[in-house]
>>> print(open('my_file.pdb').read())   # PDB, C-alpha atoms, pLDDT in the B column
ATOM      1  CA  MET P 243      37.141 -68.773-119.008  1.00 68.00           C
ATOM      2  CA  SER P 244      39.931 -70.954-120.345  1.00 81.00           C
ATOM      3  CA  ASN P 245      43.403 -70.693-118.842  1.00 92.00           C
ATOM      4  CA  PRO P 246      46.025 -71.387-121.545  1.00 95.00           C
ATOM      5  CA  VAL P 247      48.664 -72.451-118.996  1.00 96.00           C
ATOM      6  CA  PHE P 248      46.259 -74.873-117.290  1.00 97.00           C
ATOM      7  CA  ASP P 249      45.248 -76.184-120.746  1.00 97.00           C
ATOM      8  CA  ARG P 250      48.907 -76.813-121.558  1.00 97.00           C
ATOM      9  CA  ILE P 251      49.497 -78.592-118.238  1.00 97.00           C
ATOM     10  CA  GLN P 252      46.381 -80.711-118.719  1.00 97.00           C
ATOM     11  CA  SER P 253      47.590 -81.625-122.203  1.00 98.00           C
ATOM     12  CA  ASP P 254      51.080 -82.497-120.873  1.00 98.00           C
ATOM     13  CA  ILE P 255      49.794 -84.745-118.109  1.00 98.00           C
ATOM     14  CA  SER P 256      47.204 -86.345-120.394  1.00 97.00           C
ATOM     15  CA  THR P 257      49.624 -87.217-123.199  1.00 97.00           C
ATOM     16  CA  ASN P 258      52.612 -88.310-121.062  1.00 98.00           C
ATOM     17  CA  ASP P 259      52.162 -91.230-118.665  1.00 97.00           C
ATOM     18  CA  VAL P 260      54.872 -89.777-116.433  1.00 98.00           C
ATOM     19  CA  MET P 261      55.335 -86.001-116.501  1.00 98.00           C
ATOM     20  CA  LEU P 262      57.854 -84.099-114.392  1.00 98.00           C
ATOM     21  CA  TYR P 263      57.783 -80.319-114.007  1.00 98.00           C
ATOM     22  CA  MET P 264      61.275 -79.383-112.928  1.00 98.00           C
ATOM     23  CA  LYS P 265      64.077 -76.843-112.971  1.00 98.00           C
ATOM     24  CA  GLY P 266      66.203 -77.763-115.977  1.00 98.00           C
ATOM     25  CA  ASN P 267      65.695 -81.019-117.870  1.00 96.00           C
ATOM     26  CA  ALA P 268      66.480 -84.706-117.414  1.00 96.00           C
ATOM     27  CA  ALA P 269      69.926 -84.333-118.991  1.00 96.00           C
ATOM     28  CA  PHE P 270      70.793 -81.189-117.030  1.00 96.00           C
ATOM     29  CA  PRO P 271      68.740 -80.683-113.847  1.00 97.00           C
ATOM     30  CA  GLN P 272      69.241 -77.218-112.393  1.00 97.00           C
ATOM     31  CA  CYS P 273      68.399 -77.952-108.773  1.00 96.00           C
ATOM     32  CA  GLY P 274      69.180 -80.810-106.416  1.00 97.00           C
ATOM     33  CA  PHE P 275      65.529 -81.669-105.786  1.00 98.00           C
ATOM     34  CA  SER P 276      64.766 -81.951-109.501  1.00 98.00           C
ATOM     35  CA  ALA P 277      67.932 -84.013-109.976  1.00 98.00           C
ATOM     36  CA  ARG P 278      66.874 -86.465-107.250  1.00 98.00           C
ATOM     37  CA  VAL P 279      63.466 -87.107-108.839  1.00 98.00           C
ATOM     38  CA  VAL P 280      65.114 -87.597-112.254  1.00 98.00           C
ATOM     39  CA  GLN P 281      67.550 -90.107-110.698  1.00 98.00           C
ATOM     40  CA  ILE P 282      64.696 -92.049-109.095  1.00 98.00           C
ATOM     41  CA  LEU P 283      62.722 -92.229-112.347  1.00 98.00           C
ATOM     42  CA  GLN P 284      65.837 -93.239-114.281  1.00 97.00           C
ATOM     43  CA  HIS P 285      66.674 -95.896-111.680  1.00 96.00           C
ATOM     44  CA  LEU P 286      63.160 -97.320-112.074  1.00 96.00           C
ATOM     45  CA  LYS P 287      63.722 -97.241-115.870  1.00 96.00           C
ATOM     46  CA  VAL P 288      60.439 -95.411-116.349  1.00 95.00           C
ATOM     47  CA  PRO P 289      60.017 -93.311-119.500  1.00 95.00           C
ATOM     48  CA  PHE P 290      59.095 -89.743-118.583  1.00 97.00           C
ATOM     49  CA  ALA P 291      58.710 -86.302-120.097  1.00 98.00           C
ATOM     50  CA  THR P 292      59.890 -83.069-118.508  1.00 98.00           C
ATOM     51  CA  ALA P 293      59.001 -79.411-118.691  1.00 98.00           C
ATOM     52  CA  ASN P 294      61.589 -76.831-117.640  1.00 98.00           C
ATOM     53  CA  ILE P 295      59.772 -74.225-115.551  1.00 97.00           C
ATOM     54  CA  LEU P 296      62.820 -71.940-115.639  1.00 97.00           C
ATOM     55  CA  GLU P 297      62.198 -71.263-119.334  1.00 96.00           C
ATOM     56  CA  ASP P 298      58.583 -70.172-118.868  1.00 95.00           C
ATOM     57  CA  ALA P 299      57.455 -67.822-116.083  1.00 94.00           C
ATOM     58  CA  GLU P 300      53.767 -68.443-116.845  1.00 96.00           C
ATOM     59  CA  LEU P 301      54.288 -72.184-116.514  1.00 97.00           C
ATOM     60  CA  ARG P 302      56.315 -71.714-113.306  1.00 95.00           C
ATOM     61  CA  ASP P 303      53.437 -69.821-111.692  1.00 95.00           C
ATOM     62  CA  GLY P 304      50.713 -71.870-113.352  1.00 96.00           C
ATOM     63  CA  ILE P 305      51.940 -75.288-112.249  1.00 97.00           C
ATOM     64  CA  LYS P 306      51.947 -74.184-108.622  1.00 96.00           C
ATOM     65  CA  GLN P 307      48.327 -73.025-108.938  1.00 96.00           C
ATOM     66  CA  PHE P 308      47.302 -76.073-110.980  1.00 97.00           C
ATOM     67  CA  ALA P 309      48.330 -78.552-108.282  1.00 94.00           C
ATOM     68  CA  ASN P 310      47.886 -76.128-105.395  1.00 95.00           C
ATOM     69  CA  TRP P 311      51.455 -77.120-104.515  1.00 95.00           C
ATOM     70  CA  PRO P 312      54.073 -74.423-103.845  1.00 95.00           C
ATOM     71  CA  THR P 313      57.281 -76.176-104.844  1.00 95.00           C
ATOM     72  CA  ILE P 314      59.072 -77.630-107.856  1.00 97.00           C
ATOM     73  CA  PRO P 315      59.632 -80.399-108.927  1.00 98.00           C
ATOM     74  CA  GLN P 316      56.151 -81.809-109.388  1.00 98.00           C
ATOM     75  CA  LEU P 317      55.556 -85.363-110.582  1.00 98.00           C
ATOM     76  CA  TYR P 318      52.405 -86.562-112.336  1.00 98.00           C
ATOM     77  CA  ILE P 319      51.644 -90.185-113.186  1.00 98.00           C
ATOM     78  CA  LYS P 320      48.782 -90.841-115.616  1.00 97.00           C
ATOM     79  CA  GLY P 321      47.405 -87.366-114.961  1.00 97.00           C
ATOM     80  CA  GLU P 322      47.471 -87.682-111.160  1.00 97.00           C
ATOM     81  CA  PHE P 323      49.619 -85.331-109.078  1.00 98.00           C
ATOM     82  CA  ILE P 324      51.974 -87.466-106.983  1.00 98.00           C
ATOM     83  CA  GLY P 325      54.049 -84.859-105.178  1.00 97.00           C
ATOM     84  CA  GLY P 326      57.390 -83.142-104.959  1.00 97.00           C
ATOM     85  CA  CYS P 327      60.883 -84.373-104.189  1.00 98.00           C
ATOM     86  CA  ASP P 328      60.355 -85.402-100.547  1.00 97.00           C
ATOM     87  CA  ILE P 329      57.147 -87.324-101.259  1.00 98.00           C
ATOM     88  CA  VAL P 330      58.582 -89.025-104.360  1.00 98.00           C
ATOM     89  CA  THR P 331      61.756 -89.953-102.419  1.00 98.00           C
ATOM     90  CA  GLU P 332      59.745 -91.412 -99.517  1.00 98.00           C
ATOM     91  CA  MET P 333      57.486 -93.326-101.916  1.00 98.00           C
ATOM     92  CA  TYR P 334      60.520 -94.672-103.763  1.00 98.00           C
ATOM     93  CA  GLN P 335      62.253 -95.783-100.556  1.00 98.00           C
ATOM     94  CA  SER P 336      59.114 -97.554 -99.301  1.00 98.00           C
ATOM     95  CA  GLY P 337      58.421 -99.233-102.656  1.00 97.00           C
ATOM     96  CA  GLU P 338      55.129 -97.344-102.972  1.00 97.00           C
ATOM     97  CA  LEU P 339      56.238 -95.461-106.096  1.00 98.00           C
ATOM     98  CA  GLU P 340      56.826 -98.717-108.002  1.00 96.00           C
ATOM     99  CA  THR P 341      53.427 -99.949-106.836  1.00 96.00           C
ATOM    100  CA  VAL P 342      51.701 -96.792-108.116  1.00 97.00           C
ATOM    101  CA  LEU P 343      53.510 -97.056-111.454  1.00 97.00           C
ATOM    102  CA  THR P 344      52.547-100.735-111.795  1.00 95.00           C
ATOM    103  CA  GLU P 345      48.919-100.105-110.804  1.00 96.00           C
ATOM    104  CA  LYS P 346      48.670 -97.311-113.363  1.00 96.00           C
ATOM    105  CA  GLY P 347      50.170 -99.513-116.063  1.00 95.00           C
ATOM    106  CA  VAL P 348      53.487 -97.700-116.446  1.00 94.00           C
ATOM    107  CA  ALA P 349      56.069-100.382-117.148  1.00 85.00           C
ATOM    108  CA  PRO P 350      59.828-100.007-116.898  1.00 85.00           C
ATOM    109  CA  GLN P 351      61.550 -99.920-120.256  1.00 83.00           C
ATOM    110  CA  ALA P 352      63.936-102.723-121.049  1.00 69.00           C
ATOM    111  CA  THR P 353      67.413-101.414-121.715  1.00 61.00           C
ATOM    112  CA  ALA P 354      69.237-102.648-124.790  1.00 52.00           C
TER     113      ALA P 354
END
>>> encode(input="my_file.pdb", output="structure tokens")
Amino acid sequence: MSNPVFDRIQSDISTNDVMLYMKGNAAFPQCGFSARVVQILQHLKVPFATANILEDAELRDGIKQFANWPTIPQLYIKGEFIGGCDIVTEMYQSGELETVLTEKGVAPQATA
């Protein structure tokens, strides 16, 4: 049986190289953990899409089941679940996040 929320998530992470499920959006994060992941991605100049789980209760529950991960934010790169705020922060600080992005072919965007 198809799960429409899982189908939506699969579509999101398939069509966006970097997909962040968060509280709020990139311009207006609504929790400190979401804000930190947005700041890291912006610092790395990586293009990314977001989905605001506060606007959709089905998505809020579904994303936790989809990744079997209880917390928000959740970062996906090229369809692969990377982790939440603590993991992304640790990977960023160690340089591992840039390595993963490079290996998966996600290039920083040049700024004008």
>>> resolve_selection(input="my_file.pdb", expression="the PyMOL selection byres ((chain P and resi 267) around 9)", output="list in words")
Tyr263, Met264, Lys265, Gly266, Ala268, Ala269, Phe270, Pro271, Gln272, Ser276, Ala277, Val280, Thr292, Ala293 and Asn294 of chain P
>>> resolve_selection(input="my_file.pdb", expression="the PyMOL selection byres ((chain P and resi 323) around 10)", output="list in words")
Ile255, Met261, Leu262, Phe308, Ala309, Trp311, Gln316, Leu317, Tyr318, Ile319, Lys320, Gly321, Glu322, Ile324, Gly325 and Gly326 of chain P
>>> resolve_selection(input="my_file.pdb", expression="the PyMOL selection byres ((chain P and resi 339) around 10)", output="PyMOL selection string")
chain P and resi 282-283+286+319+324+329-338+340-345
>>> atom_distance(input="my_file.pdb", atom1="atom CA of Val288 of chain P", atom2="atom CA of Gly347 of chain P")
11.1 Å
>>> atom_distance(input="my_file.pdb", atom1="atom CA of Lys346 of chain P", atom2="atom CA of Asp254 of chain P")
16.8 Å
>>> closest_residue(input="my_file.pdb", among="P:Ile314, P:Gln351, P:Val247, P:His285", to="Asp298 of chain P", atoms="all atoms listed in the file")
P:Val247
>>> closest_residue(input="my_file.pdb", among="P:Cys327, P:Ala291, P:Ile251, P:Leu296", to="Val279 of chain P", atoms="only C-alpha atoms")
P:Cys327
>>> closest_residue(input="my_file.pdb", among="P:Arg278, P:Ala299, P:Asn258, P:Asp249", to="Asp328 of chain P", atoms="all atoms listed in the file")
P:Arg278
>>> atom_distance(input="my_file.pdb", atom1="atom CA of Leu301 of chain P", atom2="atom CA of Ser256 of chain P")
16.3 Å
>>> closest_residue(input="my_file.pdb", among="P:Gln307, P:Thr257, P:Gln284, P:Gln252", to="Pro350 of chain P", atoms="all atoms listed in the file")
P:Gln284
>>> decode(input="my_file.pdb", residues="segment 281-346 of chain P", atoms="C-alpha atoms", output="short mmCIF file (atom, residue, chain, number, x, y, z; two decimals), in the first residue's frame")
data_model
loop_
_atom_site.label_atom_id
_atom_site.label_comp_id
_atom_site.auth_asym_id
_atom_site.auth_seq_id
_atom_site.Cartn_x
_atom_site.Cartn_y
_atom_site.Cartn_z
CA GLN P 281 23.71 28.51 8.61
CA ILE P 282 26.09 25.62 7.89
CA LEU P 283 24.59 24.99 4.44
CA GLN P 284 24.63 28.71 3.65
CA HIS P 285 28.25 28.99 4.82
CA LEU P 286 29.18 26.13 2.48
CA LYS P 287 27.27 27.98 -0.29
CA VAL P 288 25.33 24.83 -1.11
CA PRO P 289 21.95 25.22 -2.81
CA PHE P 290 19.25 23.47 -0.79
CA ALA P 291 15.50 23.09 -0.56
CA THR P 292 13.49 23.09 2.65
CA ALA P 293 10.18 21.74 3.85
CA ASN P 294 8.54 23.33 6.89
CA ILE P 295 7.22 20.49 9.05
CA LEU P 296 5.29 22.96 11.22
CA GLU P 297 2.87 23.59 8.34
CA ASP P 298 2.03 19.92 7.81
CA ALA P 299 1.30 17.51 10.68
CA GLU P 300 1.34 14.48 8.35
CA LEU P 301 4.78 15.45 7.09
CA ARG P 302 6.01 16.10 10.65
CA ASP P 303 5.04 12.57 11.69
CA GLY P 304 5.93 10.99 8.36
CA ILE P 305 9.49 12.28 8.14
CA LYS P 306 10.30 10.82 11.55
CA GLN P 307 9.01 7.41 10.42
CA PHE P 308 10.63 7.69 6.99
CA ALA P 309 14.15 8.08 8.39
CA ASN P 310 13.43 6.25 11.64
CA TRP P 311 14.84 9.38 13.27
CA PRO P 312 12.91 11.12 16.07
CA THR P 313 14.06 14.71 15.71
CA ILE P 314 13.92 17.67 13.34
CA PRO P 315 15.83 19.01 11.42
CA GLN P 316 16.72 16.20 9.05
CA LEU P 317 19.21 16.65 6.23
CA TYR P 318 19.30 14.57 3.05
CA ILE P 319 22.01 14.76 0.41
CA LYS P 320 21.30 13.10 -2.95
CA GLY P 321 18.54 11.03 -1.36
CA GLU P 322 20.68 9.79 1.55
CA PHE P 323 19.72 10.65 5.13
CA ILE P 324 22.68 12.42 6.73
CA GLY P 325 21.36 13.26 10.18
CA GLY P 326 20.08 15.98 12.45
CA CYS P 327 21.65 19.12 13.86
CA ASP P 328 24.31 17.51 16.08
CA ILE P 329 25.53 15.13 13.38
CA VAL P 330 25.55 17.82 10.68
CA THR P 331 27.41 20.21 13.03
CA GLU P 332 30.03 17.56 13.89
CA MET P 333 30.45 16.64 10.21
CA TYR P 334 30.83 20.31 9.30
CA GLN P 335 33.43 20.95 12.02
CA SER P 336 35.47 17.90 10.98
CA GLY P 337 35.28 18.73 7.26
CA GLU P 338 33.36 15.50 6.60
CA LEU P 339 30.23 17.33 5.41
CA GLU P 340 32.16 19.08 2.62
CA THR P 341 33.69 15.73 1.66
CA VAL P 342 30.25 14.09 1.42
CA LEU P 343 28.92 16.98 -0.66
CA THR P 344 31.93 16.81 -3.00
CA GLU P 345 31.74 13.02 -3.33
CA LYS P 346 28.04 13.24 -4.18
#
